[in-house]
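This is coords13.txt (compact mmCIF, C-alpha atoms).
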# COMPACT_ATOMS: atom_id res chain seq x y z
CA MET A 1 84.31 24.23 -82.72
CA THR A 2 83.01 27.37 -84.43
CA ALA A 3 84.99 30.57 -84.08
CA ARG A 4 82.82 33.48 -82.99
CA HIS A 5 85.65 35.95 -83.36
CA ALA A 6 87.82 36.61 -86.34
CA ARG A 7 91.50 35.98 -85.87
CA VAL A 8 93.30 38.00 -83.24
CA ALA A 9 97.02 37.40 -83.05
CA LEU A 10 99.06 38.15 -79.99
CA SER A 11 102.76 37.65 -80.58
CA ARG A 12 104.87 37.65 -77.46
CA VAL A 13 108.57 38.31 -77.76
CA ARG A 14 111.28 40.01 -75.77
CA GLY A 15 113.16 42.70 -77.64
CA PRO A 16 112.44 45.62 -79.96
CA ALA A 17 110.53 43.74 -82.65
CA LEU A 18 110.12 40.49 -84.46
CA ALA A 19 112.88 39.83 -87.00
CA ALA A 20 114.98 42.41 -85.26
CA VAL A 21 118.18 41.87 -87.24
CA ALA A 22 118.18 43.60 -90.60
CA ALA A 23 120.60 42.86 -93.42
CA LEU A 24 120.28 45.52 -96.06
CA ALA A 25 120.99 45.97 -99.72
CA VAL A 26 121.69 49.45 -101.10
CA ALA A 27 118.74 50.69 -103.07
CA CYS A 28 119.18 50.70 -106.83
CA THR A 29 118.96 53.78 -109.03
CA PRO A 30 115.44 53.84 -110.50
CA THR A 31 114.37 53.99 -114.11
CA PRO A 32 110.83 54.56 -115.39
CA SER A 33 108.60 51.49 -115.11
CA ALA A 34 106.75 50.11 -118.13
CA PRO A 35 102.97 49.58 -117.85
CA ALA A 36 102.04 46.07 -116.80
CA ARG A 37 99.58 43.93 -118.71
CA ASP A 38 97.08 41.52 -117.25
CA GLY A 39 96.95 37.86 -118.20
CA GLY A 40 94.97 38.59 -121.39
CA GLY A 41 97.45 41.13 -122.70
CA SER A 42 95.14 44.09 -122.12
CA PRO A 43 96.27 47.23 -120.31
CA ALA A 44 96.42 47.00 -116.52
CA ALA A 45 93.34 47.86 -114.44
CA ALA A 46 91.86 51.32 -114.34
CA ALA A 47 93.96 52.38 -111.38
CA GLY A 48 96.81 52.65 -113.88
CA THR A 49 100.50 51.96 -113.60
CA GLU A 50 102.33 53.56 -110.72
CA ARG A 51 104.90 55.96 -112.17
CA PRO A 52 108.08 56.69 -110.24
CA ALA A 53 108.25 60.13 -108.72
CA ALA A 54 111.28 62.34 -108.97
CA THR A 55 114.11 60.77 -107.04
CA PRO A 56 113.56 61.81 -103.40
CA SER A 57 116.15 62.36 -100.77
CA LEU A 58 114.84 61.77 -97.27
CA ALA A 59 116.62 63.36 -94.36
CA PRO A 60 118.64 61.06 -92.11
CA LEU A 61 116.63 59.30 -89.41
CA ALA A 62 115.92 61.72 -86.56
CA GLY A 63 115.19 59.00 -84.01
CA ARG A 64 113.88 55.47 -83.66
CA ALA A 65 110.55 54.43 -82.15
CA ARG A 66 109.78 50.99 -80.73
CA ALA A 67 107.03 49.16 -82.57
CA ASP A 68 105.01 47.57 -79.76
CA VAL A 69 101.64 46.78 -81.34
CA LEU A 70 100.52 46.14 -84.92
CA VAL A 71 96.83 46.40 -85.81
CA SER A 72 95.25 45.25 -89.05
CA VAL A 73 91.56 45.32 -89.94
CA PRO A 74 89.54 43.84 -92.82
CA ALA A 75 88.50 47.24 -94.22
CA SER A 76 89.55 50.59 -92.73
CA LEU A 77 89.89 52.02 -89.26
CA THR A 78 87.31 54.70 -88.60
CA THR A 79 88.31 58.28 -87.88
CA ALA A 80 87.24 57.79 -84.27
CA GLN A 81 89.31 54.60 -83.95
CA VAL A 82 92.40 56.31 -85.38
CA ALA A 83 92.00 59.16 -82.91
CA ALA A 84 91.57 56.74 -80.01
CA LEU A 85 94.59 54.66 -81.02
CA ARG A 86 96.72 57.76 -81.37
CA ARG A 87 95.78 58.81 -77.82
CA LEU A 88 96.82 55.38 -76.56
CA SER A 89 100.30 55.61 -78.14
CA PRO A 90 102.77 57.75 -76.16
CA GLY A 91 105.65 56.10 -78.00
CA GLY A 92 104.47 57.04 -81.48
CA PHE A 93 101.74 56.14 -83.96
CA THR A 94 101.34 55.78 -87.71
CA THR A 95 98.66 54.35 -89.95
CA ILE A 96 99.51 52.01 -92.83
CA ARG A 97 97.75 50.13 -95.60
CA VAL A 98 97.78 46.34 -95.15
CA GLY A 99 96.78 43.56 -97.52
CA ASP A 100 97.86 40.67 -99.68
CA VAL A 101 99.55 41.33 -103.02
CA LYS A 102 100.93 38.79 -105.47
CA ILE A 103 104.62 39.17 -106.21
CA GLY A 104 106.69 36.58 -107.98
CA GLY A 105 103.52 34.52 -108.33
CA ARG A 106 103.05 34.31 -104.55
CA SER A 107 100.52 36.12 -102.39
CA GLU A 108 102.47 38.01 -99.74
CA ARG A 109 101.48 40.29 -96.90
CA THR A 110 102.20 43.84 -98.06
CA ILE A 111 102.11 47.22 -96.36
CA GLY A 112 101.85 50.68 -97.87
CA VAL A 113 103.60 53.33 -95.81
CA ASN A 114 104.73 56.90 -95.62
CA PRO A 115 108.46 56.13 -95.49
CA ALA A 116 109.31 59.34 -93.67
CA THR A 117 107.16 58.35 -90.67
CA PHE A 118 107.12 54.55 -90.78
CA ARG A 119 110.90 54.06 -90.95
CA ALA A 120 111.30 55.04 -87.29
CA PHE A 121 109.39 51.87 -86.31
CA ALA A 122 111.55 49.55 -88.45
CA PRO A 123 114.22 47.33 -86.84
CA LYS A 124 117.66 48.70 -86.12
CA GLY A 125 119.64 48.78 -89.34
CA THR A 126 116.58 49.02 -91.55
CA ALA A 127 115.42 52.24 -89.89
CA GLU A 128 118.78 53.95 -90.34
CA SER A 129 119.23 53.03 -94.00
CA THR A 130 118.08 56.14 -95.89
CA PRO A 131 118.65 54.43 -99.30
CA VAL A 132 116.01 51.82 -98.39
CA TRP A 133 113.41 54.46 -97.58
CA ASN A 134 114.37 56.60 -100.57
CA ALA A 135 113.61 53.52 -102.66
CA VAL A 136 110.15 53.23 -101.11
CA ALA A 137 109.52 56.97 -101.52
CA ARG A 138 110.26 56.94 -105.24
CA GLY A 139 107.91 54.01 -105.94
CA ASP A 140 110.24 51.01 -105.68
CA VAL A 141 109.25 47.86 -103.83
CA VAL A 142 111.21 46.52 -100.85
CA VAL A 143 111.06 42.78 -100.16
CA ALA A 144 112.35 40.66 -97.28
CA HIS A 145 115.59 38.85 -98.09
CA ALA A 146 114.54 35.24 -97.72
CA GLU A 147 111.32 35.62 -99.70
CA ALA A 148 113.04 37.52 -102.52
CA LYS A 149 115.59 34.73 -102.78
CA ALA A 150 112.92 32.03 -102.70
CA MET A 151 110.99 33.74 -105.49
CA GLY A 152 114.11 34.44 -107.55
CA LEU A 153 113.48 38.18 -107.62
CA PRO A 154 116.51 40.09 -108.98
CA LEU A 155 117.49 43.20 -107.07
CA GLY A 156 117.29 46.27 -109.31
CA GLU A 157 114.92 44.67 -111.85
CA ALA A 158 111.21 45.31 -112.38
CA VAL A 159 108.76 42.94 -110.71
CA VAL A 160 105.01 42.59 -111.22
CA LEU A 161 102.70 43.37 -108.30
CA GLU A 162 99.16 42.02 -108.63
CA GLY A 163 96.59 43.62 -106.34
CA SER A 164 92.81 43.58 -106.21
CA LYS A 165 92.57 46.76 -108.33
CA ALA A 166 95.60 46.68 -110.62
CA SER A 167 98.62 44.81 -111.86
CA LEU A 168 101.65 47.10 -111.79
CA ARG A 169 105.39 46.98 -112.34
CA ALA A 170 107.81 48.37 -109.80
CA ARG A 171 111.54 48.13 -109.37
CA LEU A 172 112.87 45.88 -106.61
CA GLY A 173 114.86 48.66 -104.99
CA ALA A 174 116.07 47.07 -101.74
CA LEU A 175 116.02 43.98 -99.57
CA ALA A 176 115.20 44.57 -95.91
CA VAL A 177 113.13 43.17 -93.07
CA THR A 178 110.25 45.15 -91.60
CA GLY A 179 110.07 43.77 -88.07
CA LEU A 180 106.33 43.16 -88.55
CA PRO A 181 105.08 39.56 -88.36
CA GLY A 182 104.24 38.09 -91.74
CA VAL A 183 104.95 41.30 -93.68
CA VAL A 184 107.12 40.55 -96.72
CA THR A 185 106.68 43.57 -99.00
CA VAL A 186 106.78 47.34 -98.43
CA VAL A 187 105.64 49.99 -100.91
CA ARG A 188 104.68 53.63 -100.64
CA GLU A 189 101.09 54.57 -99.86
CA SER A 190 100.13 55.73 -103.36
CA LEU A 191 101.32 52.46 -104.89
CA ALA A 192 99.43 50.50 -102.24
CA GLU A 193 96.30 52.52 -103.05
CA SER A 194 96.65 51.74 -106.75
CA LEU A 195 96.96 48.04 -105.92
CA GLY A 196 93.79 48.13 -103.82
CA LEU A 197 95.06 48.05 -100.24
CA PRO A 198 92.46 49.87 -98.10
CA GLU A 199 93.30 53.20 -96.54
CA ARG A 200 94.07 53.04 -92.79
CA SER A 201 93.71 49.26 -92.77
CA GLY A 202 96.49 49.01 -90.22
CA ALA A 203 98.45 50.94 -87.63
CA VAL A 204 101.68 50.67 -85.67
CA LEU A 205 101.72 51.87 -82.07
CA GLY A 206 104.43 52.51 -79.52
CA ALA A 207 103.93 52.23 -75.76
CA GLY A 208 106.89 54.44 -74.91
CA SER A 209 107.79 53.77 -71.27
CA GLY A 210 104.41 52.11 -70.71
CA ASP A 211 103.51 48.42 -70.69
CA PRO A 212 103.11 47.04 -74.24
CA VAL A 213 100.83 44.26 -72.94
CA LEU A 214 98.41 46.79 -71.46
CA LEU A 215 98.59 48.80 -74.69
CA ALA A 216 97.65 45.71 -76.73
CA GLU A 217 94.70 45.01 -74.43
CA ALA A 218 93.50 48.61 -74.74
CA VAL A 219 93.88 48.47 -78.53
CA ARG A 220 91.78 45.32 -78.74
CA LYS A 221 88.93 47.10 -76.96
CA VAL A 222 89.08 49.94 -79.51
CA VAL A 223 89.26 47.86 -82.70
CA GLY A 224 87.02 44.94 -81.74
CA SER A 225 87.16 41.22 -82.32
CA ARG A 226 87.33 41.34 -86.12
CA ALA A 227 90.72 43.04 -86.02
CA ARG A 228 94.07 41.36 -85.70
CA VAL A 229 96.28 42.69 -82.91
CA ASP A 230 99.95 41.67 -82.75
CA LEU A 231 101.93 42.38 -79.61
CA LEU A 232 105.49 42.86 -80.84
CA THR A 233 107.29 43.39 -77.54
CA GLN A 234 106.96 42.12 -74.01
CA PRO A 235 108.64 43.67 -70.99
CA ALA A 236 108.86 40.41 -69.05
CA PRO A 237 108.36 36.66 -69.41
CA PRO A 238 104.81 35.30 -68.87
CA THR A 239 105.15 35.33 -65.07
CA ALA A 240 107.18 37.75 -62.99
CA PHE A 241 108.85 34.92 -61.09
CA LEU A 242 110.59 33.74 -64.26
CA THR A 243 113.38 36.21 -64.86
CA GLY A 244 116.48 36.53 -66.97
CA SER A 245 117.27 36.39 -70.67
CA ARG A 246 117.21 32.61 -70.74
CA ALA A 247 113.56 32.44 -69.69
CA ALA A 248 112.54 35.11 -72.19
CA ARG A 249 114.43 33.37 -74.98
CA GLU A 250 113.30 29.85 -74.15
CA PHE A 251 109.58 30.52 -73.95
CA GLY A 252 109.50 31.73 -77.54
CA ALA A 253 106.85 33.83 -79.28
CA PHE A 254 103.41 32.85 -80.43
CA SER A 255 100.30 34.26 -82.03
CA TYR A 256 96.87 32.87 -81.36
CA ARG A 257 93.33 32.65 -82.61
CA TYR A 258 90.65 32.81 -79.93
CA TYR A 259 87.10 31.49 -79.85
CA GLY A 260 83.88 32.56 -78.22
CA ASP A 261 84.08 29.77 -75.65
CA GLY A 262 87.30 31.25 -74.25
CA THR A 263 89.68 28.72 -75.79
CA ILE A 264 92.79 29.68 -77.72
CA GLU A 265 94.56 28.16 -80.71
CA PRO A 266 98.28 29.13 -80.67
CA ASP A 267 100.12 29.12 -83.97
CA SER A 268 101.30 25.67 -84.99
CA SER A 269 104.98 26.58 -85.36
CA TRP A 270 105.20 27.70 -81.71
CA VAL A 271 103.40 24.56 -80.56
CA ALA A 272 105.73 22.33 -82.59
CA THR A 273 108.80 24.03 -81.14
CA ASN A 274 107.74 24.24 -77.51
CA ILE A 275 105.00 21.78 -76.52
CA ARG A 276 106.12 18.24 -75.70
CA TYR A 277 104.52 14.94 -74.72
CA ALA A 278 105.94 12.82 -71.92
CA ARG A 279 105.02 10.04 -69.51
CA LEU A 280 105.91 10.93 -65.93
CA PRO A 281 105.82 9.08 -62.62
CA VAL A 282 102.64 9.40 -60.54
CA ILE A 283 100.59 11.50 -63.00
CA GLY A 284 101.25 9.58 -66.22
CA PHE A 285 100.90 11.12 -69.66
CA VAL A 286 101.36 14.92 -69.90
CA GLN A 287 101.52 17.58 -72.59
CA CYS A 288 103.50 20.61 -71.38
CA HIS A 289 106.04 23.24 -72.38
CA ARG A 290 109.47 21.70 -72.82
CA LEU A 291 110.77 23.78 -69.87
CA THR A 292 108.11 22.37 -67.56
CA ILE A 293 108.65 18.67 -68.15
CA PRO A 294 112.15 18.16 -66.64
CA GLN A 295 111.24 19.91 -63.39
CA LEU A 296 107.83 18.26 -63.17
CA ARG A 297 109.41 14.87 -63.80
CA ASN A 298 111.91 15.37 -60.98
CA ALA A 299 109.18 16.55 -58.61
CA MET A 300 107.05 13.49 -59.36
CA LYS A 301 110.04 11.19 -58.92
CA GLU A 302 110.59 12.68 -55.48
CA ILE A 303 106.90 12.35 -54.58
CA GLU A 304 107.05 8.71 -55.66
CA ALA A 305 110.26 8.03 -53.73
CA ALA A 306 108.73 9.57 -50.61
CA GLY A 307 105.80 7.16 -50.78
CA LEU A 308 103.31 9.97 -51.41
CA SER A 309 101.97 8.90 -54.82
CA SER A 310 98.57 7.94 -53.41
CA LEU A 311 98.07 11.54 -52.30
CA VAL A 312 97.96 12.70 -55.93
CA THR A 313 94.48 11.52 -56.88
CA SER A 314 94.06 13.29 -60.22
CA TYR A 315 95.93 15.33 -62.81
CA SER A 316 94.07 17.94 -64.90
CA GLY A 317 96.18 18.90 -67.84
CA CYS A 318 99.06 21.30 -68.36
CA TYR A 319 98.87 22.61 -71.91
CA VAL A 320 95.26 23.82 -72.09
CA PRO A 321 95.29 26.98 -74.22
CA ARG A 322 92.61 29.36 -72.97
CA PHE A 323 91.93 32.65 -71.23
CA VAL A 324 91.71 32.76 -67.44
CA GLU A 325 88.31 31.28 -66.57
CA ARG A 326 87.79 30.94 -70.35
CA ASN A 327 86.83 34.63 -70.44
CA PRO A 328 88.29 36.56 -73.43
CA GLU A 329 88.19 39.73 -71.31
CA ARG A 330 90.63 38.13 -68.84
CA PRO A 331 94.39 37.62 -69.41
CA VAL A 332 95.76 34.60 -71.23
CA SER A 333 96.08 31.68 -68.82
CA LEU A 334 99.55 30.28 -68.12
CA HIS A 335 98.09 26.94 -69.19
CA THR A 336 98.36 28.36 -72.72
CA TRP A 337 102.15 28.28 -72.37
CA GLY A 338 101.99 24.79 -70.90
CA ILE A 339 103.69 25.94 -67.70
CA ALA A 340 100.81 25.39 -65.25
CA PHE A 341 98.95 22.27 -64.15
CA ASP A 342 96.21 21.22 -61.72
CA ILE A 343 96.08 18.19 -59.42
CA ASN A 344 93.40 16.88 -57.03
CA ALA A 345 90.87 19.25 -58.56
CA ALA A 346 87.76 17.64 -57.03
CA THR A 347 88.72 18.56 -53.46
CA ASN A 348 90.69 21.75 -54.16
CA ARG A 349 88.29 24.12 -55.85
CA ILE A 350 89.18 27.76 -56.36
CA GLY A 351 88.21 29.92 -53.40
CA THR A 352 88.51 27.05 -50.91
CA ARG A 353 91.35 25.99 -48.63
CA GLY A 354 91.26 22.51 -50.16
CA ASP A 355 93.05 19.48 -48.78
CA MET A 356 96.37 19.55 -50.65
CA ASP A 357 98.94 17.71 -48.55
CA PRO A 358 101.70 20.14 -47.46
CA ARG A 359 104.35 17.54 -48.31
CA ILE A 360 103.19 17.56 -51.94
CA VAL A 361 103.28 21.36 -51.93
CA ALA A 362 106.79 21.43 -50.45
CA ILE A 363 108.22 19.09 -53.08
CA LEU A 364 106.64 20.95 -55.99
CA GLU A 365 107.83 24.30 -54.63
CA LYS A 366 111.32 22.86 -54.25
CA TRP A 367 111.27 22.08 -57.98
CA GLY A 368 110.28 25.62 -58.98
CA PHE A 369 106.46 25.49 -58.98
CA ARG A 370 104.37 28.17 -57.28
CA TRP A 371 101.24 26.97 -55.45
CA GLY A 372 97.91 28.73 -56.00
CA GLY A 373 96.80 27.83 -52.50
CA ARG A 374 98.88 30.72 -51.17
CA TRP A 375 97.04 33.37 -53.19
CA THR A 376 94.59 35.91 -51.75
CA LEU A 377 91.87 34.09 -53.68
CA PRO A 378 93.23 30.57 -53.20
CA ASP A 379 93.35 28.11 -56.06
CA PRO A 380 94.74 25.06 -54.25
CA MET A 381 94.62 22.70 -57.21
CA HIS A 382 96.90 24.97 -59.25
CA PHE A 383 100.69 24.92 -59.64
CA GLU A 384 102.70 26.99 -62.13
CA LEU A 385 106.32 27.16 -63.17
CA ALA A 386 107.86 30.01 -61.17
CA ALA A 387 111.60 29.44 -61.51
CA LEU A 388 113.89 27.70 -63.98
CA ILE A 389 116.14 25.15 -62.31
CA ASN A 390 119.10 23.43 -63.94
CA THR A 391 118.20 19.73 -63.88
Rewrite the coordinates I just gave you, this time as C-alpha cells.
Amino acid sequence: MTARHARVALSRVRGPALAAVAALAVACTPTPSAPARDGGGSPAAAAGTERPAATPSLAPLAGRARADVLVSVPASLTTAQVAALRRLSPGGFTTIRVGDVKIGGRSERTIGVNPATFRAFAPKGTAESTPVWNAVARGDVVVAHAEAKAMGLPLGEAVVLEGSKASLRARLGALAVTGLPGVVTVVRESLAESLGLPERSGAVLGAGSGDPVLLAEAVRKVVGSRARVDLLTQPAPPTAFLTGSRAAREFGAFSYRYYGDGTIEPDSSWVATNIRYARLPVIGFVQCHRLTIPQLRNAMKEIEAAGLSSLVTSYSGCYVPRFVERNPERPVSLHTWGIAFDINAATNRIGTRGDMDPRIVAILEKWGFRWGGRWTLPDPMHFELAALINT
C-alpha cells in the first residue's frame, strides 16, 4: 500500500505530557568550548562553532503551561500558519526548531528553543528547574537521562553535535526529559540554527480549558498532511462510556501513520503491548485489544451456552485500524483501538434496522458492549466496548 500522506502522529495519553516524570541533574558551570573538527581534521562548517554566551540567570518560572499538541514540519511553518496556530492556542504557544542531530554517534531528535518561553511547557520538575534552563540559555546541551547513559555521555563534559550545517562542541549541562515524544536533545535556538535546524520547523500549543483533541484536529487542517501532529494530552478515554483512571491507563498511548485510503498504521510498540490474538467460542479467531478479549470471550460463552450460536452468522474483525468510514476527515474509528467489532454484517447494514436478535444484543450489553443499533443513525452490526467489567 502506498502512503499518499506523509507521517502524521497522534499520540493519545491521559495526563500533562508524555514522559511526565522528570529527574534532573543540576546544570554544570560552563567553560568556553573548543572548535570542533570534521572527520578530515579541517575546521568545522562555515556556520562556525557556537560560543557560550555570558552566564545567564533566568527568572524563576512564573507559571506552567500544558503542552497539548506538538507540530513538526519538514521545512518551516509559514508566517500565516504561525499566526493561525497562535490564534488556536488559548493555553499558550511557542515555535521551536526541530530536526535530527548526531550526538554520541547517534542521530537523535533535537529541538532548539527559547528557554525563557519553552520551559513553561516542560513536564513538572523540568519546568521549575532554573539551572536546567540556564544551561540551555548559555549554550549547553540538555539530554534525556536514559539516552545520555546509553551513549556514555559524561555530565559536565563537552560533546560533539553534528548537524546538517556544522559540527560543534557544547557542554552537556543537564539531564532532563522534555515531555515531547521522541525528543532527546534540547539546545538554544542560535545553536540549533548553527547546526542547521530550520527556523519555525515546529510548535507547541496549549488548549487551555478547551479540548486538546479538537485542537489537534484544527491544527492538522492548518499545517496539512505533510506535517506531523502529536496529541500529547487527552481529556477522556476513547469513548465516554469508559471512565476512570484504570481505563485511561490501560488503553495506553499510540501514534499513527495514515494513508490515502483511510487506513491507519499505529506504532508497533503500542500494538505489541495492547493487541492480542485469541480463539473464542462462536466467532473463532480474533485480534482485539487485550481489554476486549476477556469480556468478548465471556459473552460468546454465554451465547453458546444459551444455544444461540447459529444466530451469529459472521464476524467482521475487531482490530481494523482506520478512520470512521475510512475518511481521514472523520475521527479515528474505535476499531483502531481494537475495542469494537461487527457481526452479521450482511443483514445489518448501517442506516437499517437490521435483524440482530435481541437476545444476542442483551448478552453483549450485559458484558459491557454498546450496540450501534440504538444510535440515531443505526449501525446494527456494530458493538463497542463501553464499560470495563472485572472478569
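In this comparison, which uses all atoms listed in the file, the residue of A:Pro154, A:Gly91, A:Pro115, A:Gly262 approaching Glu189 of chain A most closely is A:Pro115.
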### Task
Please determine the residues with any atom at most 9 Å from (93.8, 23.3, -74.8) (coordinates as given in the file, with only C-alpha atoms counting) and report them as a list of chain:residue names.
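Residues satisfying the cut-off, written out: A:Thr263, A:Ile264, A:Glu265, A:Gly317, A:Cys318, A:Tyr319, A:Val320, A:Pro321, A:Arg322, A:His335, A:Thr336.
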### Message
Show me, as an MDAnalysis selection string, the residues that have an atom within 9 Å of Gly99 of chain A when counting all atoms listed in the file, minus same-chain residues fewer than 4 positions from it.
### Response
chainID A and resid 72 74 108:112 163 192 196:198 201
Mind working out the centre and edge lengths of an axis-aligned box for segment 183-190 of chain A, all listed atoms inside, 4 Å added to each side, rounded to one decimal in Å and written as JSON?
{"center_x": 103.6, "center_y": 48.1, "center_z": -98.5, "size_x": 15.0, "size_y": 23.2, "size_z": 17.7}
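Distances here use all atoms listed in the file; by that measure, the residue among A:Ile350, A:Pro328, A:Val160, A:Phe341 closest to Arg220 of chain A is A:Pro328.
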### Message
So the first atom is atom CA of Trp371 of chain A and the second is atom CA of Asp211 of chain A; what is the distance between them in Å, to one decimal place?
### Response
26.4 Å
### From A:Thr233, A:Thr117, A:Thr130, A:Asn274, residue lying nearest Phe251 of chain A [only C-alpha atoms]
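Among A:Thr233, A:Thr117, A:Thr130, A:Asn274, it is A:Asn274 that comes nearest to Phe251 of chain A.
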### Task
For each of A:Gly307, A:Val177, A:Val204, A:Leu191, take the minimum atom-to-atom distance to Thr94 of chain A, counting all atoms listed in the file, then give the residue where this is smallest.
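Going through A:Gly307, A:Val177, A:Val204, A:Leu191 one by one, the smallest distance to Thr94 of chain A is for A:Val204.
Closest approach to Ser167 of chain A from the set A:Arg200, A:Lys102, A:Lys221, A:Arg353 is made by A:Lys102, with distances taken over only C-alpha atoms.
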### Query
Which of these residues is nearest to Gly202 of chain A, using only C-alpha atoms: A:Leu175, A:Lys124, A:Arg228, A:Leu291?
A:Arg228
### Message
One decimal, in Å: what's the spacing between atom CA of Arg106 of chain A and atom CA of Met151 of chain A?
### Response
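Distance between the two atoms: 8.0 Å.
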### Query
What does the distance between atom CA of Lys301 of chain A and atom CA of Thr273 of chain A come to in Å, to one decimal place?
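Interatomic distance, atom CA of Lys301 of chain A to atom CA of Thr273 of chain A: 25.7 Å.
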### Message
Can you tell me which residues surround Gly139 of chain A at a distance of at most 7 Å, considering only C-alpha atoms, apart from same-chain residues fewer than 2 positions away, and format the answer as a PyMOL selection string?
### Response
chain A and resi 52-53+135-137+141+170+187-188+191
#### Entry: Polymer residues at most 10 Å from Ile343 of chain A, only C-alpha atoms, same-chain spacing of 4 or more positions, as a list of chain:residue names
A:Ile283, A:Leu311, A:Val312, A:Thr313, A:Ser314, A:Tyr315, A:Ser316, A:Gly317, A:Cys318, A:Thr347, A:Asn348, A:Met356, A:Pro380, A:Met381, A:His382, A:Phe383
### Task
Please provide as a ChimeraX atom specification all residues within 12 Å of Ile103 of chain A, with the sequence filter that same-chain residues fewer than 6 positions apart are discarded (counting all atoms listed in the file).
/A:109-110,141-144,147-148,150-153,158-163,167-172,184-186,195
Output for the residues just chosen: C-alpha atoms as a compact mmCIF listing (two decimals), keeping the file's coordinate frame:
# COMPACT_ATOMS: atom_id res chain seq x y z
CA ARG A 109 101.48 40.29 -96.90
CA THR A 110 102.20 43.84 -98.06
CA VAL A 141 109.25 47.86 -103.83
CA VAL A 142 111.21 46.52 -100.85
CA VAL A 143 111.06 42.78 -100.16
CA ALA A 144 112.35 40.66 -97.28
CA GLU A 147 111.32 35.62 -99.70
CA ALA A 148 113.04 37.52 -102.52
CA ALA A 150 112.92 32.03 -102.70
CA MET A 151 110.99 33.74 -105.49
CA GLY A 152 114.11 34.44 -107.55
CA LEU A 153 113.48 38.18 -107.62
CA ALA A 158 111.21 45.31 -112.38
CA VAL A 159 108.76 42.94 -110.71
CA VAL A 160 105.01 42.59 -111.22
CA LEU A 161 102.70 43.37 -108.30
CA GLU A 162 99.16 42.02 -108.63
CA GLY A 163 96.59 43.62 -106.34
CA SER A 167 98.62 44.81 -111.86
CA LEU A 168 101.65 47.10 -111.79
CA ARG A 169 105.39 46.98 -112.34
CA ALA A 170 107.81 48.37 -109.80
CA ARG A 171 111.54 48.13 -109.37
CA LEU A 172 112.87 45.88 -106.61
CA VAL A 184 107.12 40.55 -96.72
CA THR A 185 106.68 43.57 -99.00
CA VAL A 186 106.78 47.34 -98.43
CA LEU A 195 96.96 48.04 -105.92
